[in-house]
Amino acid sequence: MSRVDRSRLPIPGPAGAFVFPRIERLRLSNGLEVRVISHRSVPVASMVLLVPGGSASDDTDRPGLVSLLADLLDEGSRGMSALDVSDRIARMGGDLDVDVNHDSTIVGLTTLDRFLEPGLSLVHEISTAPNLTDADFARVRQLRLERLRQLRDHPGALADRSFAKVVYQTHPYAQPGYGTAESLSAITVGEVRTCHARMFQPDGATLVLAADRPASQLLAAAEAAFGGWANDRTVTPFPRDRGRLDPPRVPATRLGLVSRPGSAQSELRIGHVAASRSTPDYHAIILLNAVLGGQFVSRLNMNLREDKGYTYGVRTGFDLRRGMGPFVLQTSVGSDVTVPALRESLRELTEIRGERPVTADELALAQSSVALGYPRGFETVQQVARSMAQLALHELPDSYFEDFVPKLLAVTLDEVNGAAKRYLDPERMTAVVVGDPATIGDAIGDLGLGAPVPVIPPI
Amino acid sequence: MQIPYTKKTLGNGLDVIVHEDHQLPMVAVNLWYHVGSKNERPGRTGFAHLFEHLMFEGSKHHDSGYFEPLQRAGGLLNGSTNTDRTNYWEVVPTGALELALFMESDRMGFLLPALTEDKFTNQRDVVLNERRQNYENRPYGLAGVALAAALFPPDHPYHWITIGDPDDLRAASLDDVRTFFETYYHPGNASLTLAGNIETARALDLAERYFGEIPRGPAPPPVTAGIPITAERSLLLEDRVELPRLYLSWHSPAMFHVGDADLDLGADVLAHGKTSRLYKRLVYDRRVAADVSAYQHSRELSGVFQVACTAAAGVSLPVLEEAITEAIHEMAASGPTADELERAQAQTEAQFVYRLQTVGGFGGKSDQLNAYNVFNGNPGFFDDDLARYRSVTPASMAAAIGRWLVGQPRVALSLVPRGQQQLALAGSTEVAVS
């Protein structure tokens, strides 16, 4: 066997072919959209019911209502108690996940394939006819209040909540989805029941199913379980898309400080309102973010971690929602290097728009990294089901998966640098710091963001 | 159910395991070194993990960042360290397999020539940040440090946690890096698995080609373990938290030993899901707890069985201690019901199936093959492992709980909000943890 030539790295061969899974659809007579994918896998099935409306749907004085309702779904249904539901899921080896996002709520269940039908029945029962009893409500609310108390000690939670409050102010995306002590205490079980009746309707909802079975079988199973779900036309329509309201143009402050005396690290968030998922520059934004802070070899991570040693890691992201989502940089840095870490971060966010635009090589790296790795997202049925649900939420075409790589590779250097100018705006950047003011020092006032303004996180 | 594989040991002692799965056009490269924080010495704790960081900073024939060429090729990669082993993995498009093998073999064979004081200092700072972020700055984050120190005497390799002591990290030097590399990072102390879209014969050829030239190193010195604690200890730790939490920890069987599977399922019966005994009693019915968890953490040298329970507001920890002790005594006396055992076994069996879904990454098939190979010498242990859980009976579970958790010395740690020591178990001794 020949020895390895170690004078240069092997050049990767061409990418292998990958056929993206095909989506089959059916619209039930009650309006429920069904989408299925027949996916080769071990005998596991994954299902997701996506209901429009999430934490942005909460009234201003009731943050946490949708999320509290979501928490109560698996507390029993149709003669089953909370313990019965838990027992049934366990016996299927099931993994139930009820998740409230800003714009949508999903009830997801993954089970062994042989429990696909009972799994669908269970998702149907808990989603359409949860008990929502007084006693369960009181217990679950109490648990949430306790968890909320614990969040007061979590620097990350304090930073996220403060950032959303400062950047979005009175916009629905400012609201903490989990609720506040004040709102959770005010919510009544009647409000939860009304919220359920208005929100959980087949019309507008999507059921997604991925398993190693023929698509026709999956569609039939979905219809058998959900075909009898009826719309309730007597209720007031639910505000499904409040996130699309116009966000504020400028942040409430440029530099927010959450005081945490003795904090071992400073938790940082920097960003602003940026874009919605429907932006035509979606692929350029993904690449811009990869270069800036979206992967290990990004500018920010190489600077703050690998060069300066300020942090265990830093990342950026465009959280693209139905409405205008934020761009956010997040990291945790040593308290004593808070100011230099902020300065370096702001410098990177500014220079990529002018002085040091994205280079051809950076773009090529980002493109090949994202494009060649793309098939990894289609390994498990959960991944496939979750991705399909995202297409439904954002009204993207069924050809989305196969179109993704060609569109990503078609992005030009001008387009990425144009996106940097349009979607990053140093003049509107807000920084939020959760840390010890005494250690951070007064130089924090010299960053060009003005003097730090105390922020009380909504909890 | 199993993960089909072929295993071959190269002339230099490197175990190579190959598993074919052609679903994605990707190959998982997974490399285990049989070294972890248990191989460190007092005064240099945290070193195995710090060393793992240095493995990403370049080697002789690629003396710059490890991530860039692999990310450019569409790869995903990471590494991790625990008490018993260090693992490194890449999931790459099939066309980039040779690149990944080049990189992995270069840092196995040629790390030291590329090592500099600058890289070392930088990564030590990164690790100190990691420690502050994930331990000091995280509520309840230092409990694990206090528990490990109390359960195991200072001369036991599990006395310290993997992230190590900050002073030890600051004391570490480049010489320590060289010695550590020469002692533990060589083919005879490693296991390589390639899984995914690759033919077995070609995979074995490539492994030989890239790793075959690296010389076999000396057998690492054996790890000696002191005697674990012999008397009950009640400790108290104040932290920046709102609700107090009680940790009860016992010594338990090592990985794959008699009683390990019984205690694993026993932990589920006690605290997994709403129908579990402790959740139902403490959180659901009596509402004196905000959460409860239990697990059997089995490792190479010995295991730890732990119950952790966070009190509801206004509840003091003795209330929880009594209920937990009572539930454990009941389980030892009468075992689980047939229903409880069946439920726990169904969940475990499903977890085994779920584990077959991914080829790479932490916990994927390549990682499992290496785990079974390194800890058991048999990559094909998947089925036997599942059989351990299937063969648990109510009587065997009761016996294991009686043997390990009843009347045995335990560590009770009361982690309380600052200034609220009255919530702790009576007679607890305050400990200092940094």
# chains A, B, ... in the order shown; residues from 1 in each chain; ligands from 1
>>> interface_residues(of="chain B", to="chain A", cutoff="7 Å", atoms="only C-alpha atoms", output="PyMOL selection string")
chain B and resi 24-25+61+67-68+71-75+93-96+98-99+122-123+125-127+129-130+132-133+136-139+209-210+240-243+273-275+290+312+343+346-347+350+356-358
>>> write_last_selection(atoms="C-alpha atoms", output="PDB file, in the first residue's frame")
ATOM      1  CA  LEU B  24     -27.384   9.224   2.854  1.00  0.00           C
ATOM      2  CA  PRO B  25     -24.348  10.064   0.661  1.00  0.00           C
ATOM      3  CA  HIS B  61       0.830  18.600   7.970  1.00  0.00           C
ATOM      4  CA  PHE B  67     -12.568  22.909  11.279  1.00  0.00           C
ATOM      5  CA  GLU B  68     -12.058  24.841   8.077  1.00  0.00           C
ATOM      6  CA  GLN B  71     -16.603  22.523   7.012  1.00  0.00           C
ATOM      7  CA  ARG B  72     -15.694  23.582   3.495  1.00  0.00           C
ATOM      8  CA  ALA B  73     -16.265  19.979   2.447  1.00  0.00           C
ATOM      9  CA  GLY B  74     -19.745  19.954   4.013  1.00  0.00           C
ATOM     10  CA  GLY B  75     -18.703  18.099   7.134  1.00  0.00           C
ATOM     11  CA  PRO B  93     -19.986  13.636   2.240  1.00  0.00           C
ATOM     12  CA  THR B  94     -18.530  10.378   0.938  1.00  0.00           C
ATOM     13  CA  GLY B  95     -16.195  12.275  -1.409  1.00  0.00           C
ATOM     14  CA  ALA B  96     -14.539  13.928   1.597  1.00  0.00           C
ATOM     15  CA  GLU B  98     -10.151  10.746   2.697  1.00  0.00           C
ATOM     16  CA  LEU B  99      -9.894  14.336   3.840  1.00  0.00           C
ATOM     17  CA  ASN B 122      -5.673  30.498  23.986  1.00  0.00           C
ATOM     18  CA  GLN B 123      -7.462  27.190  24.482  1.00  0.00           C
ATOM     19  CA  ASP B 125      -8.709  30.636  28.244  1.00  0.00           C
ATOM     20  CA  VAL B 126     -11.495  29.130  26.146  1.00  0.00           C
ATOM     21  CA  VAL B 127     -11.863  26.243  28.601  1.00  0.00           C
ATOM     22  CA  ASN B 129     -14.744  30.408  29.858  1.00  0.00           C
ATOM     23  CA  GLU B 130     -16.498  27.114  29.226  1.00  0.00           C
ATOM     24  CA  ARG B 132     -17.549  29.601  34.125  1.00  0.00           C
ATOM     25  CA  GLN B 133     -20.367  29.534  31.561  1.00  0.00           C
ATOM     26  CA  GLU B 136     -20.249  28.744  37.955  1.00  0.00           C
ATOM     27  CA  ASN B 137     -22.730  30.843  36.014  1.00  0.00           C
ATOM     28  CA  ARG B 138     -25.410  28.135  35.794  1.00  0.00           C
ATOM     29  CA  PRO B 139     -27.906  27.566  38.605  1.00  0.00           C
ATOM     30  CA  ARG B 209      -3.504   3.632   4.427  1.00  0.00           C
ATOM     31  CA  TYR B 210      -3.982   6.638   6.707  1.00  0.00           C
ATOM     32  CA  ARG B 240     -27.679  31.615  43.428  1.00  0.00           C
ATOM     33  CA  VAL B 241     -30.978  29.723  43.072  1.00  0.00           C
ATOM     34  CA  GLU B 242     -34.611  30.369  43.962  1.00  0.00           C
ATOM     35  CA  LEU B 243     -35.662  26.853  44.911  1.00  0.00           C
ATOM     36  CA  GLY B 273     -42.837  10.337  33.538  1.00  0.00           C
ATOM     37  CA  LYS B 274     -45.955  11.391  35.407  1.00  0.00           C
ATOM     38  CA  THR B 275     -46.826   7.826  36.358  1.00  0.00           C
ATOM     39  CA  ALA B 290     -41.193  21.264  41.259  1.00  0.00           C
ATOM     40  CA  ALA B 312     -41.722  23.611  45.526  1.00  0.00           C
ATOM     41  CA  ARG B 343     -43.702   0.284  30.851  1.00  0.00           C
ATOM     42  CA  ALA B 346     -41.130  -0.710  26.506  1.00  0.00           C
ATOM     43  CA  GLN B 347     -39.539   2.732  26.712  1.00  0.00           C
ATOM     44  CA  ALA B 350     -37.946   2.003  21.885  1.00  0.00           C
ATOM     45  CA  LEU B 356     -30.352   3.093  15.109  1.00  0.00           C
ATOM     46  CA  GLN B 357     -31.517   6.199  13.248  1.00  0.00           C
ATOM     47  CA  THR B 358     -28.269   8.129  12.789  1.00  0.00           C
TER      48      THR B 358
END
>>> residues_around(residues="stretch 223-231 of chain A", least_positions_apart="2", cutoff="8 Å", atoms="only C-alpha atoms", output="list of chain:residue names")
A:Leu28, A:Ser29, A:Asn30, A:Glu117, A:Leu120, A:Ser121, A:His124, A:Thr128, A:Gln201, A:Pro202, A:Asp203, A:Leu219, A:Ala220, A:Ala221, A:Arg233
>>> closest_residue(among="B:Ser191, B:Thr393, B:Ser414, B:Thr348", to="B:Thr9", atoms="only C-alpha atoms")
B:Ser191
>>> residues_around(residues="A:Leu393", least_positions_apart="5", cutoff="8 Å", atoms="only C-alpha atoms", output="PDB file with C-alpha atoms, in the first residue's frame")
ATOM      1  CA  LEU A  50     -49.050  22.297  13.247  1.00  0.00           C
ATOM      2  CA  PRO A  52     -51.247  28.464  13.317  1.00  0.00           C
ATOM      3  CA  SER A 104     -47.245  28.471  15.515  1.00  0.00           C
TER       4      SER A 104
END
>>> residues_around(residues="A:Thr188", least_positions_apart="2", cutoff="12 Å", atoms="only C-alpha atoms", output="list in words")
Arg62, Gly64, Leu65, Leu68, Leu69, Leu132, Thr133, Asp134, Ala135, Phe137, Ala138, Arg141, Ser183, Leu184, Ser185, Ala186, Gly190, Glu191, Val192, Arg193, Thr194 and Cys195 of chain A
>>> closest_residue(among="A:Val384, A:Leu255, A:Leu342, A:Leu73", to="A:Phe163", atoms="only C-alpha atoms")
A:Leu255
>>> residues_around(residues="stretch 336-340 of chain B", least_positions_apart="5", cutoff="7 Å", atoms="only C-alpha atoms", output="list in words")
Val269, Met331 and Pro394 of chain B
>>> write_last_selection(atoms="C-alpha atoms", output="CSV table (one decimal), in the first residue's frame")
chain,number,residue,atom,x,y,z
B,269,VAL,CA,-39.9,3.5,37.7
B,331,MET,CA,-39.1,-0.8,45.9
B,394,PRO,CA,-39.5,-7.4,39.6
>>> select_by_dssp(residues="stretch 61-182 of chain B", states="strand (DSSP E)", output="number ranges by chain")
B: 76-81, 86-93
>>> decode(residues="stretch 210-240 of chain A", atoms="N, CA and C atoms", output="PDB file, in the first residue's frame")
ATOM      1  N   ALA A 210     -44.317  11.313   8.705  1.00  0.00           N
ATOM      2  CA  ALA A 210     -43.190  10.696   7.993  1.00  0.00           C
ATOM      3  C   ALA A 210     -42.928   9.322   8.588  1.00  0.00           C
ATOM      4  N   ALA A 211     -42.876   8.312   7.728  1.00  0.00           N
ATOM      5  CA  ALA A 211     -42.614   6.943   8.189  1.00  0.00           C
ATOM      6  C   ALA A 211     -42.226   6.101   6.998  1.00  0.00           C
ATOM      7  N   ASP A 212     -41.747   4.896   7.298  1.00  0.00           N
ATOM      8  CA  ASP A 212     -41.323   3.998   6.231  1.00  0.00           C
ATOM      9  C   ASP A 212     -42.510   3.155   5.772  1.00  0.00           C
ATOM     10  N   ARG A 213     -43.492   3.812   5.188  1.00  0.00           N
ATOM     11  CA  ARG A 213     -44.677   3.141   4.644  1.00  0.00           C
ATOM     12  C   ARG A 213     -45.065   3.874   3.361  1.00  0.00           C
ATOM     13  N   PRO A 214     -45.824   3.222   2.500  1.00  0.00           N
ATOM     14  CA  PRO A 214     -46.264   3.908   1.283  1.00  0.00           C
ATOM     15  C   PRO A 214     -47.080   5.150   1.625  1.00  0.00           C
ATOM     16  N   ALA A 215     -46.933   6.196   0.817  1.00  0.00           N
ATOM     17  CA  ALA A 215     -47.622   7.453   1.081  1.00  0.00           C
ATOM     18  C   ALA A 215     -49.133   7.254   1.183  1.00  0.00           C
ATOM     19  N   SER A 216     -49.679   6.382   0.343  1.00  0.00           N
ATOM     20  CA  SER A 216     -51.136   6.200   0.348  1.00  0.00           C
ATOM     21  C   SER A 216     -51.604   5.697   1.718  1.00  0.00           C
ATOM     22  N   GLN A 217     -50.806   4.823   2.317  1.00  0.00           N
ATOM     23  CA  GLN A 217     -51.152   4.310   3.648  1.00  0.00           C
ATOM     24  C   GLN A 217     -51.104   5.409   4.701  1.00  0.00           C
ATOM     25  N   LEU A 218     -50.112   6.279   4.570  1.00  0.00           N
ATOM     26  CA  LEU A 218     -49.965   7.361   5.544  1.00  0.00           C
ATOM     27  C   LEU A 218     -51.130   8.345   5.426  1.00  0.00           C
ATOM     28  N   LEU A 219     -51.508   8.649   4.183  1.00  0.00           N
ATOM     29  CA  LEU A 219     -52.634   9.567   3.984  1.00  0.00           C
ATOM     30  C   LEU A 219     -53.915   8.967   4.558  1.00  0.00           C
ATOM     31  N   ALA A 220     -54.100   7.663   4.331  1.00  0.00           N
ATOM     32  CA  ALA A 220     -55.313   7.011   4.822  1.00  0.00           C
ATOM     33  C   ALA A 220     -55.354   7.019   6.349  1.00  0.00           C
ATOM     34  N   ALA A 221     -54.193   6.763   6.961  1.00  0.00           N
ATOM     35  CA  ALA A 221     -54.143   6.753   8.431  1.00  0.00           C
ATOM     36  C   ALA A 221     -54.456   8.138   8.989  1.00  0.00           C
ATOM     37  N   ALA A 222     -53.950   9.155   8.325  1.00  0.00           N
ATOM     38  CA  ALA A 222     -54.193  10.529   8.778  1.00  0.00           C
ATOM     39  C   ALA A 222     -55.679  10.861   8.684  1.00  0.00           C
ATOM     40  N   GLU A 223     -56.286  10.464   7.577  1.00  0.00           N
ATOM     41  CA  GLU A 223     -57.709  10.775   7.389  1.00  0.00           C
ATOM     42  C   GLU A 223     -58.579  10.016   8.393  1.00  0.00           C
ATOM     43  N   ALA A 224     -58.198   8.760   8.638  1.00  0.00           N
ATOM     44  CA  ALA A 224     -58.983   7.972   9.591  1.00  0.00           C
ATOM     45  C   ALA A 224     -58.957   8.616  10.974  1.00  0.00           C
ATOM     46  N   ALA A 225     -57.814   9.156  11.364  1.00  0.00           N
ATOM     47  CA  ALA A 225     -57.701   9.724  12.710  1.00  0.00           C
ATOM     48  C   ALA A 225     -58.306  11.124  12.802  1.00  0.00           C
ATOM     49  N   PHE A 226     -58.126  11.947  11.778  1.00  0.00           N
ATOM     50  CA  PHE A 226     -58.482  13.363  11.886  1.00  0.00           C
ATOM     51  C   PHE A 226     -59.687  13.787  11.049  1.00  0.00           C
ATOM     52  N   GLY A 227     -60.239  12.860  10.251  1.00  0.00           N
ATOM     53  CA  GLY A 227     -61.341  13.218   9.357  1.00  0.00           C
ATOM     54  C   GLY A 227     -62.570  13.726  10.092  1.00  0.00           C
ATOM     55  N   GLY A 228     -62.770  13.265  11.314  1.00  0.00           N
ATOM     56  CA  GLY A 228     -63.972  13.654  12.048  1.00  0.00           C
ATOM     57  C   GLY A 228     -63.850  14.936  12.854  1.00  0.00           C
ATOM     58  N   TRP A 229     -62.711  15.569  12.785  1.00  0.00           N
ATOM     59  CA  TRP A 229     -62.481  16.810  13.544  1.00  0.00           C
ATOM     60  C   TRP A 229     -63.265  17.940  12.858  1.00  0.00           C
ATOM     61  N   ALA A 230     -64.147  18.596  13.607  1.00  0.00           N
ATOM     62  CA  ALA A 230     -65.005  19.608  12.986  1.00  0.00           C
ATOM     63  C   ALA A 230     -64.577  21.015  13.372  1.00  0.00           C
ATOM     64  N   ASN A 231     -64.808  21.947  12.471  1.00  0.00           N
ATOM     65  CA  ASN A 231     -64.567  23.357  12.787  1.00  0.00           C
ATOM     66  C   ASN A 231     -65.686  23.883  13.673  1.00  0.00           C
ATOM     67  N   ASP A 232     -65.322  24.778  14.565  1.00  0.00           N
ATOM     68  CA  ASP A 232     -66.320  25.440  15.402  1.00  0.00           C
ATOM     69  C   ASP A 232     -66.466  26.864  14.875  1.00  0.00           C
ATOM     70  N   ARG A 233     -67.579  27.111  14.171  1.00  0.00           N
ATOM     71  CA  ARG A 233     -67.754  28.429  13.542  1.00  0.00           C
ATOM     72  C   ARG A 233     -68.356  29.443  14.510  1.00  0.00           C
ATOM     73  N   THR A 234     -68.672  29.011  15.746  1.00  0.00           N
ATOM     74  CA  THR A 234     -69.358  29.926  16.672  1.00  0.00           C
ATOM     75  C   THR A 234     -68.368  30.827  17.425  1.00  0.00           C
ATOM     76  N   VAL A 235     -67.079  30.460  17.394  1.00  0.00           N
ATOM     77  CA  VAL A 235     -66.130  31.240  18.192  1.00  0.00           C
ATOM     78  C   VAL A 235     -65.572  32.425  17.403  1.00  0.00           C
ATOM     79  N   THR A 236     -65.078  33.407  18.126  1.00  0.00           N
ATOM     80  CA  THR A 236     -64.414  34.553  17.492  1.00  0.00           C
ATOM     81  C   THR A 236     -63.110  34.053  16.869  1.00  0.00           C
ATOM     82  N   PRO A 237     -62.817  34.473  15.641  1.00  0.00           N
ATOM     83  CA  PRO A 237     -61.587  34.005  14.993  1.00  0.00           C
ATOM     84  C   PRO A 237     -60.349  34.308  15.849  1.00  0.00           C
ATOM     85  N   PHE A 238     -59.390  33.399  15.787  1.00  0.00           N
ATOM     86  CA  PHE A 238     -58.163  33.514  16.586  1.00  0.00           C
ATOM     87  C   PHE A 238     -57.138  34.371  15.861  1.00  0.00           C
ATOM     88  N   PRO A 239     -56.449  35.275  16.565  1.00  0.00           N
ATOM     89  CA  PRO A 239     -55.419  36.108  15.904  1.00  0.00           C
ATOM     90  C   PRO A 239     -54.161  35.303  15.626  1.00  0.00           C
ATOM     91  N   ARG A 240     -54.114  34.688  14.452  1.00  0.00           N
ATOM     92  CA  ARG A 240     -53.050  33.736  14.141  1.00  0.00           C
ATOM     93  C   ARG A 240     -51.748  34.400  13.740  1.00  0.00           C
TER      94      ARG A 240
END
